[in-house]
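Asks: Take this structure, written in structure tokens, and hold onto it; I'll ask about it next.
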Amino acid sequence: MRILAIDQGTTSTRAVAVEESGAAQVLSARDHRQSYPHPGWVEHDPEELLRNVAECISAAGNDFAVVGIDNQGESCLAWNRQTGEAVSPVIVWQDERTEGDNDRLRATGAEALTLERAGLHLDPYFSASKLGWILRNAPEAARLAASGQLCLGTTDAFFRHRLTGRFETDVATASRTSLMNLATCAWDADLCALFGVPMECLPTITPTCGEFGAIAQGGLPLTASIVDQQAALRGQGCSRRGDAKITFGTGAFVLAVAGPEAPAAGGGPVPTIAWSKDGAPPVYALEGGVHAAAAAVNWARGLGLFSAWSEIDDFARPPAISRGIAFVPALAGLACPHWDRRCKGTWMGMGLDAEPTDMVQAVLEGIAFRTAEVVRSMDAFVPIGQRISIDGGMTRNPWFCQFVADCLGREVRISRQAELTAVGTAILAAEAVGLRIEPKAEFTLIEPGEQPEEWAATFQRAVSCARSFASP
Ligand SMILES: O=P(O)(O)OC[C@H](O)CO
């Protein structure tokens, strides 16, 4: 028995075959274009994403029991209900164009409503203000809305509509929009009105696994649909309250299982749905992200600060922070727990002796310090276990993993199992039809080393300086 997982992330789309043993093999992978049409705007071409998904499914063949698909979270778009044709670009989760809209809503006191109902504060990260923006700025979307022919949704709903003919989204992805009531798991009329999103344009909310129809090309049944971060949480085997994982991808996302009750919404870490099965109450999670992780490292490489990855998996000099050099990786704003969009990436403390290597070392350290800051902020809502599972491309860097463990003051566990996001998606897809995938529990454990307390304090000072530079 093999399950096909389609991992549609921020930078690429991959088809992964997952065996009963959890063994995962990447069958095909396609990158897509990132567009930055204005400062702070990030877009994808919906047809390119869909083509990549369809090509990945075709290339994989038909020798699978079922298919699951995971998506890039809050990224969203508008399309024509009749033709399925997109009438807006995909506005990506990193996009900041609705910062002013969110500020204006905050000034009216609307954040009390979003926190109470969706568990989310006002921020361009979540889909709602982006969908409202599309309706106000894409004339074709407004025309279709007037004639009852507009679909608004996250990328998963677009793929599912075009692939299976069913206009549906899953409850975990819906919990990232700020339009869904976190307690009832239904679209909320007041939230929709607040953001100017007509409720009738939104997809039907389904559990994360179930019978979601057959994929038009090839006829394989789609039985799971979920946000990639939640899929990774499942793939890491996190199931008890406090079990947590960090995926170091484009961004670094910490998710912790909260259990059958939604964690309190405080405007720092974000309560969210982890997954749900038909008929059963959902499992909640708590999330906090560092919005530029591998994106920051790639950016540093693009600047010419290093060329080969092997150059940054060990450093001759002691940590940059111990030498007074810090980098705040706020290249896409400073997310949890600050939610300060104006703050930008900032190096501090360099003298004439500073070298490119010091700057990259500070970038890696900054990502680790920020991640530890996120975990600390989550601890107050859901006590996080003493062992945290980590995955993602950056975990191939042993120096970085040790530094993360030191900053967290916790043991980190790196699975030898590859492709955990796809594995999590496949586990859910299999469960929907009564099949089981049981990955082997083989890990590398890294014990935390002692880290002088003043390093975290120095980093916090750097964060404060970066924030006050942005908003004096
Ligand atoms: O596609 P990734 O792996 O960068 O993850 C994106 C997150 O789900 C955004 O919240």
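How things are named: the first chain in the structure tokens is A, the next is B, and so on; residues count from 1 in each chain; ligands count from 1 in the order shown.
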Write out as an MDAnalysis selection string all residues of segment 183-376 of chain A that DSSP puts in alpha helix (DSSP H) for this structure's backbone.
Replies: chainID A and resid 189:195 228:235 294:302 356:376
Asks: Excluding Gly119 of chain A and its own-chain neighbours fewer than 3 positions away, which residues fall within 6 Å of it when counting only C-alpha atoms? Please give them as a PyMOL selection string.
Replies: chain A and resi 115-116+265+271
Asks: Name all residues at most 10 Å from segment 28-33 of chain A (count only C-alpha atoms; drop same-chain ones fewer than 5 positions away) and give them as a list in words.
Replies: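 Surrounding residues, per the criterion: Ile6, Asp7, Gln8, Gly9, Thr10, Thr11, Ser12, Thr13, Arg14, Ala15, Val16, Ala17, Glu43, His44, Asp45, Glu48, Leu49, Arg51, Asn52, Val53, Glu55, Cys56, Ile57, Ser58, Ala59 and Ala60 of chain A.
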Asks: When you look at segment 344-353 of chain A with a cut-off of 6 Å (counting only C-alpha atoms), what residues show up, excluding the ones that are within fewer than 6 positions of it in the same chain? I need them as a ChimeraX atom specification.
Replies: /A:324-331,333
Asks: Selected residues, N, CA and C atoms, written as a PDB file, in the first residue's frame, please.
Replies:
ATOM      1  N   GLY A 324      29.288  40.327  20.441  1.00  0.00           N
ATOM      2  CA  GLY A 324      28.492  41.562  20.359  1.00  0.00           C
ATOM      3  C   GLY A 324      27.844  41.798  19.009  1.00  0.00           C
ATOM      4  N   ILE A 325      27.868  40.767  18.123  1.00  0.00           N
ATOM      5  CA  ILE A 325      27.233  40.935  16.808  1.00  0.00           C
ATOM      6  C   ILE A 325      25.898  40.188  16.811  1.00  0.00           C
ATOM      7  N   ALA A 326      24.830  40.868  16.379  1.00  0.00           N
ATOM      8  CA  ALA A 326      23.510  40.213  16.352  1.00  0.00           C
ATOM      9  C   ALA A 326      22.818  40.535  15.042  1.00  0.00           C
ATOM     10  N   PHE A 327      21.978  39.611  14.621  1.00  0.00           N
ATOM     11  CA  PHE A 327      21.103  39.870  13.467  1.00  0.00           C
ATOM     12  C   PHE A 327      19.671  39.556  13.866  1.00  0.00           C
ATOM     13  N   VAL A 328      18.766  40.492  13.633  1.00  0.00           N
ATOM     14  CA  VAL A 328      17.339  40.269  13.897  1.00  0.00           C
ATOM     15  C   VAL A 328      16.711  39.887  12.560  1.00  0.00           C
ATOM     16  N   PRO A 329      16.246  38.628  12.429  1.00  0.00           N
ATOM     17  CA  PRO A 329      15.821  38.156  11.099  1.00  0.00           C
ATOM     18  C   PRO A 329      14.393  38.570  10.752  1.00  0.00           C
ATOM     19  N   ALA A 330      14.135  39.873  10.831  1.00  0.00           N
ATOM     20  CA  ALA A 330      12.763  40.359  10.601  1.00  0.00           C
ATOM     21  C   ALA A 330      12.569  40.789   9.149  1.00  0.00           C
ATOM     22  N   LEU A 331      13.128  39.993   8.220  1.00  0.00           N
ATOM     23  CA  LEU A 331      13.074  40.379   6.806  1.00  0.00           C
ATOM     24  C   LEU A 331      11.646  40.421   6.289  1.00  0.00           C
ATOM     25  N   GLY A 333       9.088  41.152   8.490  1.00  0.00           N
ATOM     26  CA  GLY A 333       8.458  41.650   9.725  1.00  0.00           C
ATOM     27  C   GLY A 333       8.805  40.749  10.901  1.00  0.00           C
TER      28      GLY A 333
END
Asks: Just want the 9 Å neighbourhood of Thr250 of chain A, counted on only C-alpha atoms, with same-chain residues fewer than 2 positions away dropped. Output as a list in words.
Replies: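 Those residues are Thr10, Thr11, Phe248, Ala252, His291, Ala292, Ala293, Ala294, Ala295 and Ala296 of chain A.
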Asks: Which of these residues is nearest to Val26 of chain A, using only C-alpha atoms: A:Val423, A:Arg413, A:Asn80, A:Ile388?
Replies: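 Once distances to Val26 of chain A are computed over only C-alpha atoms, the minimum belongs to A:Val423.
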Asks: Quick one: distance from atom CA of Cys209 of chain A to atom CA of Leu191 of chain A in Å, one decimal?
Replies: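 If I compute the distance from atom CA of Cys209 of chain A to atom CA of Leu191 of chain A, I get 25.7 Å.
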Asks: Compare A:Gln230, A:Thr223, A:Thr425, A:Gln460 by their minimum atom-to-atom distance to Phe253 of chain A, counting only C-alpha atoms, and give me the closest one.
Replies: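 Comparing A:Gln230, A:Thr223, A:Thr425, A:Gln460 against Phe253 of chain A, the winner is A:Gln230.
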